[in-house]
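Trainee: The structure under discussion is supplied below as structure tokens; questions concerning it will follow.
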Amino acid sequence: MAPVAGSVFAAVPQAVPVAVFQLTADFRADVDPRKVNLGVGAYRTDEGQPWVLPVVRKVERMIAEDTSLNHEYLPILGLPEFRANSSRIALGEDSPAIQENRVGGVQSLGGTGALRIGAEFLRRWYNGTTVTPVYISSPSWENHNSVFTDAGFKDIRTYRYWNGATRGLDIQGFLEDLEKAPEFSIFILHACAHNPTGTDPTQEQWKQIAAVMKRRFLFPFFDSAYQGFASGCLDRDAWAVRFFVSEGFELFCAQSFSKNFGLYNERVGNLTIVAKDADNVQRTLSQMEKIVRTTWSNPPSQGARIVATTLTSPELFAEWKGNVKTMADRVLLMRAELRSRLEALGTPGTWNHITEQIGMFSFTGLNSKQVLFLIKEKHIYLMASGRINMCGLTTKNLDYVASSIHEAVTKIQTPA
């Protein structure tokens, strides 16, 4: 049989660009001096520049000067002191699960890697079935759906989360969807600073959520990408995860150190596993090792060493918490300043949700036409959903952004 003429890749379709990275590419290509990037989820200083945390600079020098270190492979599951201390800051110093030796960790390629490894394990081994529904909040980080789909889950559903009318949490819809979910369903929960809405349940609402999940035998898979970065307090941002552990849940928690250490390109993540007992943890980790072996085989050391060194030194740990609070405080300030400017301008609608939300992102309530106006006419780049990265705001561009939002909302009214 004669070979087919042309490339063997001729049938490969062009993929749709990843929205947030395409937005950044469009921003970079824009030559307008007024341009503002409120898209990509990375911290920026008031000068609009990436910030290398001072504690990270210090630890990098320590690592470079430590002649005992080398480039040998790490264990498949990662640097032991990184894994143990990552789980410790997620679950707390006095966690009963840690004291009872029923916690394990898997070093991963960022928070996404932790989600993917967890998803792959659950698809293979969770509750003896591969047809378990996975529930993702509506809306959610766009990668959640893709990670679980690519891991082989066939039944991915959404649960109600955002109430567009009140610009807040739809707790009633959330609880109703928990009640209706089949027993043993998997729920992806944002530990803090929900992406993209910036709206978290209160502690009382988390207790309601946990009560239903416990009664319905639902499995919590937390995504913790912003611990410390949301409120400036590590313990406050980990409250939900720790409460679920105290209620006796088995759970997964995907941790990312991209934001709170500023280690975006080091891809430092950890999957914390909480099980019923030590035997369950060890058997789970043995299967995680098999999955890692065929995925990335062995994790990189640099970022993990930076985190582990920081978390195991009382002095460095205290300095890191101060660095994290610096970032969190700047975000809180930008929220307050943007709200005050919009209210001073008399911008139609209510803007209290900007300061009631938390973390890096704000779900502004701007519609797609208003967003398009801001991009095309004002050179202000934000996601089509109306989500903005508060770190993209600075004292230099706040007035311009606020007046532009005011113009967008005034000219293009939101449909009733």
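Here, A, B, ... name the chains of the structure tokens in the order displayed, residue numbers run from 1 inside each chain, and ligands are numbered from 1 in the same displayed order.
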Looking only at strand (DSSP E) from DSSP on the backbone, list the matching residues of stretch 116-185 of chain A as an NGL selection string.

Mentor: :A and (134-138 or 156-160 or 162-163 or 168-169)

Trainee: Write out the residues from the selection above, keeping N, CA and C atoms, as a compact mmCIF listing (two decimals), in the first residue's frame.

Mentor:
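Below is the file that was written, selection_27.txt:
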```
# COMPACT_ATOMS: atom_id res chain seq x y z
N VAL A 134 -17.32 13.39 39.48
CA VAL A 134 -16.47 14.43 40.04
C VAL A 134 -17.22 15.75 39.89
N TYR A 135 -17.36 16.48 41.00
CA TYR A 135 -18.08 17.76 41.00
C TYR A 135 -17.10 18.91 41.12
N ILE A 136 -17.24 19.89 40.23
CA ILE A 136 -16.40 21.07 40.19
C ILE A 136 -17.29 22.30 40.31
N SER A 137 -16.85 23.29 41.07
CA SER A 137 -17.69 24.47 41.30
C SER A 137 -17.96 25.22 40.00
N SER A 138 -19.09 25.89 39.96
CA SER A 138 -19.44 26.74 38.81
C SER A 138 -19.53 28.18 39.28
N ILE A 156 -18.15 14.22 34.82
CA ILE A 156 -17.76 15.45 35.51
C ILE A 156 -18.94 16.41 35.52
N ARG A 157 -19.31 16.84 36.70
CA ARG A 157 -20.50 17.68 36.89
C ARG A 157 -20.11 18.98 37.59
N THR A 158 -21.04 19.90 37.66
CA THR A 158 -20.79 21.15 38.37
C THR A 158 -21.73 21.26 39.57
N TYR A 159 -21.26 21.99 40.57
CA TYR A 159 -22.15 22.34 41.68
C TYR A 159 -22.23 23.85 41.76
N ARG A 160 -23.40 24.32 42.18
CA ARG A 160 -23.63 25.77 42.24
C ARG A 160 -22.74 26.41 43.30
N TRP A 162 -21.50 30.36 42.66
CA TRP A 162 -21.55 31.81 42.52
C TRP A 162 -22.96 32.28 42.24
N ASN A 163 -23.41 33.26 42.99
CA ASN A 163 -24.70 33.89 42.75
C ASN A 163 -24.45 35.23 42.09
N GLY A 168 -22.10 36.96 45.31
CA GLY A 168 -21.61 36.26 46.49
C GLY A 168 -21.84 34.76 46.37
N LEU A 169 -21.61 34.05 47.44
CA LEU A 169 -21.73 32.60 47.46
C LEU A 169 -23.19 32.16 47.42
```

Trainee: Could I get the residues of stretch 275-353 of chain A with an atom no further than 7 Å from an atom of stretch 36-57 of chain A, each paired with its nearest atom pair and that distance in Å to one decimal, using only C-alpha atoms, sorted by chain and residue number, as a tab-separated table?

Mentor:
```
residue	atom	partner	partner_atom	distance
A:Ile306	CA	A:Val56	CA	6.8
A:Leu316	CA	A:Val55	CA	6.7
A:Glu319	CA	A:Val55	CA	6.4
A:Trp320	CA	A:Val55	CA	5.9
A:Asn323	CA	A:Leu53	CA	6.5
```

Trainee: Would you mind exporting N, CA, C and O atoms of the selected residues as a PDB file, in the first residue's frame?

Mentor:
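So the final result, stored in selection23.pdb, reads:
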```
ATOM      1  N   ILE A 306      14.215  24.963  48.531  1.00  0.00           N
ATOM      2  CA  ILE A 306      13.949  26.323  49.000  1.00  0.00           C
ATOM      3  C   ILE A 306      12.814  26.315  50.028  1.00  0.00           C
ATOM      4  O   ILE A 306      12.908  26.910  51.103  1.00  0.00           O
ATOM      5  N   LEU A 316      13.879  31.631  59.331  1.00  0.00           N
ATOM      6  CA  LEU A 316      13.462  31.780  57.931  1.00  0.00           C
ATOM      7  C   LEU A 316      11.949  31.674  57.795  1.00  0.00           C
ATOM      8  O   LEU A 316      11.334  32.375  56.981  1.00  0.00           O
ATOM      9  N   GLU A 319      10.482  34.945  58.715  1.00  0.00           N
ATOM     10  CA  GLU A 319      10.721  35.919  57.659  1.00  0.00           C
ATOM     11  C   GLU A 319       9.789  35.673  56.473  1.00  0.00           C
ATOM     12  O   GLU A 319       9.251  36.620  55.887  1.00  0.00           O
ATOM     13  N   TRP A 320       9.600  34.394  56.144  1.00  0.00           N
ATOM     14  CA  TRP A 320       8.697  34.056  55.030  1.00  0.00           C
ATOM     15  C   TRP A 320       7.276  34.520  55.320  1.00  0.00           C
ATOM     16  O   TRP A 320       6.614  35.117  54.465  1.00  0.00           O
ATOM     17  N   ASN A 323       7.043  38.071  54.553  1.00  0.00           N
ATOM     18  CA  ASN A 323       7.005  38.309  53.109  1.00  0.00           C
ATOM     19  C   ASN A 323       5.616  38.044  52.545  1.00  0.00           C
ATOM     20  O   ASN A 323       5.101  38.813  51.718  1.00  0.00           O
TER      21      ASN A 323
END
```

Trainee: Just how far from atom CA of A:Ala211 is atom CA of A:Asn127, in Å to one decimal?

Mentor: 20.4 Å

Trainee: Compile the contact shell of A:His190 as a list in words: residues with an atom at most 7 Å away, counting only C-alpha atoms, same-chain residues fewer than 6 positions apart removed.

Mentor: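 Listing them by chain and then by number gives Phe222, Asp223 and Ser224 of chain A.
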
Trainee: Give me the residues within 9 Å of A:Leu332 as a ChimeraX atom specification, counting only C-alpha atoms and dropping any in the same chain fewer than 5 places off.

Mentor: /A:230-231,327,337,355,358-359,390

Trainee: If you measure from atom CA of A:Met334 to atom CA of A:Gly392, what distance in Å do you get, rounded to one decimal?

Mentor: 9.2 Å

Trainee: Between atom CA of A:Gln172 and atom CA of A:Gln203, what is the distance, to one decimal in Å?

Mentor: 15.2 Å
